[in-house]
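Peer 1: Take this structure, written in structure tokens, and hold onto it; I'll ask about it next.
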Amino acid sequence: MVRITEDLVRRRAEHNNCEIFSLEEISLHQQEIEKLEYLDKWCRDLKILYLQNNLIPKIENVGKLKKLEYLNLALNNIERIENLEGCEELKKLDLTANFVGELSSVETLKYNIHLKELFLVGNPCTEFEGYRQFVVATLHQLKYLDSKEIERSERIQALQHYPEVKQKIREQEQAYLLRRAKEKEEAQSRMHERKERKEKKKEAELGLGSPDSLQYKENHQTEGEQQTCRTAEDDEEDRRFWEEPTPYTPESRLEAHRYIEEKRKAKDNIRGSKTREKPLPKLVTAEGKILNVNMPKLHFSLKDDEENNQFILDLAVYRHLDTSLLDIDVQPTHIRVVVKGKVFQLVLPEEVRPDSSSAKRSQTTGHLVVSMPKVKEIILAKRKLSTSVRPSDSNTVQKSTRNRQVEKLEVDPSKYSFPDVTKIIPEKERIGQGPIQLQPERITETKKTFSLQQEQVTQLLQQSYRWSHQNIVKPSSLIWLQMIFR
């Protein structure tokens with residue numbers, strides 16, 4: 001028996017961020033619901049409620065929905081209109097293809113003063129003589145009945161003949177209720193017969209399946225023959241059930257639903273037994289040897305990164321697969337990745353460190369990349385510079401050598417000869433306190449040096465005059481040299 005649960009309501013409230021307390025519209029159609037409950041407590045602000053194509057036998061637990069404007073209960077098992085007095089804002093009620101036979105129950109809708117549209121097409125009460133006149137005369141606020149507008153003249157005529165029509169409706173209701181009582185008895189007897197038939201079938205299967213029975217060996221010899229016999233029996237039972245003439249009643253509709261559910265469960269059990277019988281893949285042998293397994297049949301590559309001393313596994317996981325469906329387990333000797341319940345296992349060439357391993361996933365390709373550092377550390381020698389040097393590298397080398405060795409320019413002194421100006425001023429004569437015979441020799445040396453200095457200065461002045469005429473030396477520098485000479 002399917003009921004309305006909080007989980008079901010939240011799943012159907014995705015448009016409202018799964019919040020049910022402020023929900024204004026919800027659709028619970030085709031959910032095989034057999035009882036209407038809890039909605040008046042969880043969703044007080046409901047305005048639109050869709051409950052068509054279910055197995056609801058009674059209108060209940062909706063009286064507290066004060067804001068409800070539209071209620072759709074088409075294709076259900078409702079036999080009476082009731083418990084809608086509290087829906088003060090109800091404007092539209094759809095009861096198409098139900099089993100409403102008590103047409104007098106329409107009188108309970110008098111209190112729904114805002115009700116404008118009512119649908120009763122496909123109900124037994126629509127076959128009553130005077131059905132439309134009775135509903136139009138009973139519900140004064142109604143404007144549309146079965147999608148047809150109610151005119152003023154039609155309402156006046158219905159009110160004029162209301163007592164007579166009401167009496168006819170009462171008589172037809174009594175006849176319908178008697179017929180319904182017989183249909184219920186027939187449905188119960190049919191259900192009882194079906195149960196007995198099923199019990200006998202189970203007993204027969206148990207008797208044939210016992211090892212003491214004579215036919216056990218014969219039946220147990222070929223499982224294929226047994227399977228064909230069972231399918232033939234099931235087909236015969238299906239044909240008998242669907243071809244048997246039964247009246248269209250709430251009981252027959254519920255019986256058909258239960259029969260379909262039983263068949264579905266039986267198929268699910270057969271599928272489950274097949275899946276259970278399927279052997280699980282071996283990941284480790286009895287001796288403890290780990291095996292390589294690729295159940296999801298994914299492309300992969302294992303690279304040995306010697307520079308970083310690690311293994312890199314690139315697993316081509318499906319691009320649009322959610323990452324929550326991946327489970328990675330790195331062990332010292334192997335790695336195991338569960339992809340949507342299917343195991344991928346790979347034995348590693350060397351031991352790795354699981355605590356230092358890391359896993360990443362590409363956002364473009366979806367590939368899973370797992371980096372696993374090795375336990376053994378390898379010391380790599382420094383690489384020597386290659387003999388073939390690129391042009392860019394040669395430039396850098398030349399710059400470094402230039403910085404290290406400072407080159408000096410060589411100048412030819414014959415082309416660029418300048419007199420030594422620092423020795424223009426003559427040195428002061430030393431008045432020595434030594435012997436007298438050394439003093440005249442010192443004076444002659446000073447005179448010679450002084451005469452030589454005079455000649456150099458004259459040469460400098462002459463050369464400077466020439467440079468001044470050639471605009472090489474400024475006149476101000478000539479004046480300075482003259483002052484030094486004086």
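If you're wondering about the labels, chains in the structure tokens are A, B, ... by order shown, residues count from 1 in each chain, ligands from 1 in order shown.
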Among the residues of range 284-364 of chain A, find those DSSP assigns to strand (DSSP E) from the backbone and print them as an MDAnalysis selection string.

Peer 2: chainID A and resid 293:294 300:305 310:315 326:330 334:339 342:347 358:361

Peer 1: For Ala13 in chain A, work out the shell of residues within 7 Å, counting only C-alpha atoms and skipping chain neighbours fewer than 6 positions away, then give it as a PyMOL selection string.

Peer 2: chain A and resi 19-20+26

Peer 1: Env of range 302-313 of chain A: 8 Å cut, atoms = only C-alpha atoms, seq-sep filter 3 positions within chain, self excluded. Answer as number ranges by chain.

Peer 2: A: 352, 368-374, 377-378

Peer 1: Write out as a ChimeraX atom specification the residues lying within 12 Å of range 4-11 of chain A, counting only C-alpha atoms and excluding same-chain residues fewer than 5 positions away.

Peer 2: /A:16-23,25-29,31-43,49,51,54,56,61

Peer 1: Based on the selection just made, write N, CA, C and O atoms of those residues as a compact mmCIF listing (two decimals), in the first residue's frame.

Peer 2:
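Resulting contents of again.txt:
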```
# COMPACT_ATOMS: atom_id res chain seq x y z
N ASN A 16 10.31 24.42 -5.54
CA ASN A 16 10.25 25.29 -4.36
C ASN A 16 11.44 25.04 -3.44
O ASN A 16 11.34 25.22 -2.22
N ASN A 17 12.59 24.62 -4.01
CA ASN A 17 13.81 24.31 -3.25
C ASN A 17 13.57 23.26 -2.18
O ASN A 17 14.17 23.31 -1.10
N CYS A 18 12.66 22.32 -2.48
CA CYS A 18 12.33 21.20 -1.58
C CYS A 18 11.77 21.66 -0.24
O CYS A 18 11.84 20.91 0.74
N GLU A 19 11.22 22.84 -0.21
CA GLU A 19 10.56 23.34 1.01
C GLU A 19 9.07 23.04 0.90
O GLU A 19 8.42 23.45 -0.06
N ILE A 20 8.51 22.37 1.90
CA ILE A 20 7.11 21.96 1.82
C ILE A 20 6.19 22.86 2.63
O ILE A 20 4.98 22.89 2.37
N PHE A 21 6.73 23.61 3.59
CA PHE A 21 5.84 24.43 4.43
C PHE A 21 5.26 25.60 3.64
O PHE A 21 4.16 26.06 3.92
N SER A 22 6.01 26.10 2.64
CA SER A 22 5.53 27.23 1.83
C SER A 22 5.10 26.81 0.44
O SER A 22 4.99 27.64 -0.45
N LEU A 23 4.84 25.52 0.25
CA LEU A 23 4.49 25.00 -1.07
C LEU A 23 3.08 25.44 -1.45
O LEU A 23 2.15 25.35 -0.66
N GLU A 25 1.92 24.65 -4.90
CA GLU A 25 1.46 23.73 -5.96
C GLU A 25 2.29 22.45 -5.91
O GLU A 25 3.50 22.50 -5.78
N ILE A 26 1.61 21.32 -6.04
CA ILE A 26 2.30 20.03 -6.02
C ILE A 26 1.55 19.05 -6.90
O ILE A 26 0.32 19.07 -6.98
N SER A 27 2.33 18.19 -7.56
CA SER A 27 1.76 17.18 -8.45
C SER A 27 2.15 15.80 -7.93
O SER A 27 3.33 15.45 -7.91
N LEU A 28 1.16 15.02 -7.53
CA LEU A 28 1.37 13.66 -7.02
C LEU A 28 0.59 12.66 -7.86
O LEU A 28 0.06 11.68 -7.36
N HIS A 29 0.56 12.87 -9.17
CA HIS A 29 -0.19 11.98 -10.06
C HIS A 29 0.65 10.74 -10.39
O HIS A 29 1.87 10.75 -10.36
N GLN A 31 1.24 7.94 -8.81
CA GLN A 31 2.11 7.44 -7.74
C GLN A 31 1.54 6.21 -7.05
O GLN A 31 2.11 5.74 -6.08
N GLU A 32 0.37 5.72 -7.54
CA GLU A 32 -0.29 4.54 -6.96
C GLU A 32 -0.62 4.75 -5.48
O GLU A 32 -0.52 3.82 -4.68
N ILE A 33 -0.98 5.95 -5.14
CA ILE A 33 -1.34 6.30 -3.75
C ILE A 33 -2.70 5.71 -3.43
O ILE A 33 -3.65 5.84 -4.22
N GLU A 34 -2.82 5.08 -2.26
CA GLU A 34 -4.07 4.45 -1.85
C GLU A 34 -4.74 5.16 -0.69
O GLU A 34 -5.84 4.75 -0.28
N LYS A 35 -4.09 6.21 -0.16
CA LYS A 35 -4.72 6.95 0.92
C LYS A 35 -4.22 8.39 0.91
O LYS A 35 -3.03 8.64 0.75
N LEU A 36 -5.17 9.32 1.08
CA LEU A 36 -4.86 10.75 1.07
C LEU A 36 -4.68 11.22 2.51
O LEU A 36 -5.63 11.21 3.30
N GLU A 37 -3.42 11.63 2.87
CA GLU A 37 -3.14 12.02 4.25
C GLU A 37 -1.93 12.94 4.32
O GLU A 37 -1.16 13.06 3.35
N TYR A 38 -1.79 13.60 5.49
CA TYR A 38 -0.64 14.44 5.88
C TYR A 38 -0.51 15.76 5.12
O TYR A 38 0.22 16.63 5.58
N LEU A 39 -1.15 15.92 3.99
CA LEU A 39 -0.97 17.15 3.22
C LEU A 39 -1.54 18.36 3.95
O LEU A 39 -1.02 19.47 3.83
N ASP A 40 -2.61 18.18 4.70
CA ASP A 40 -3.21 19.31 5.42
C ASP A 40 -2.34 19.75 6.60
O ASP A 40 -2.55 20.85 7.13
N LYS A 41 -1.36 18.94 7.00
CA LYS A 41 -0.46 19.32 8.10
C LYS A 41 0.86 19.87 7.58
O LYS A 41 1.43 20.77 8.19
N TRP A 42 1.36 19.33 6.48
CA TRP A 42 2.67 19.73 5.96
C TRP A 42 2.59 20.94 5.03
O TRP A 42 3.50 21.76 5.02
N CYS A 43 1.53 21.02 4.24
CA CYS A 43 1.45 22.04 3.18
C CYS A 43 0.16 22.86 3.37
O CYS A 43 -0.80 22.70 2.61
N LEU A 49 -3.51 21.27 -6.27
CA LEU A 49 -3.16 19.92 -5.86
C LEU A 49 -3.59 18.94 -6.95
O LEU A 49 -4.79 18.83 -7.26
N LEU A 51 -3.76 15.06 -8.00
CA LEU A 51 -3.75 13.69 -7.47
C LEU A 51 -4.40 12.71 -8.43
O LEU A 51 -4.90 11.65 -8.02
N ASN A 54 -4.50 7.75 -9.46
CA ASN A 54 -4.03 7.02 -8.28
C ASN A 54 -5.11 6.02 -7.88
O ASN A 54 -6.00 5.69 -8.69
N ILE A 56 -6.97 6.31 -4.84
CA ILE A 56 -7.55 6.92 -3.64
C ILE A 56 -9.05 6.58 -3.59
O ILE A 56 -9.80 6.94 -4.50
N ASN A 61 -8.74 14.35 4.78
CA ASN A 61 -7.53 15.07 5.23
C ASN A 61 -7.14 16.22 4.31
O ASN A 61 -5.96 16.47 4.07
```
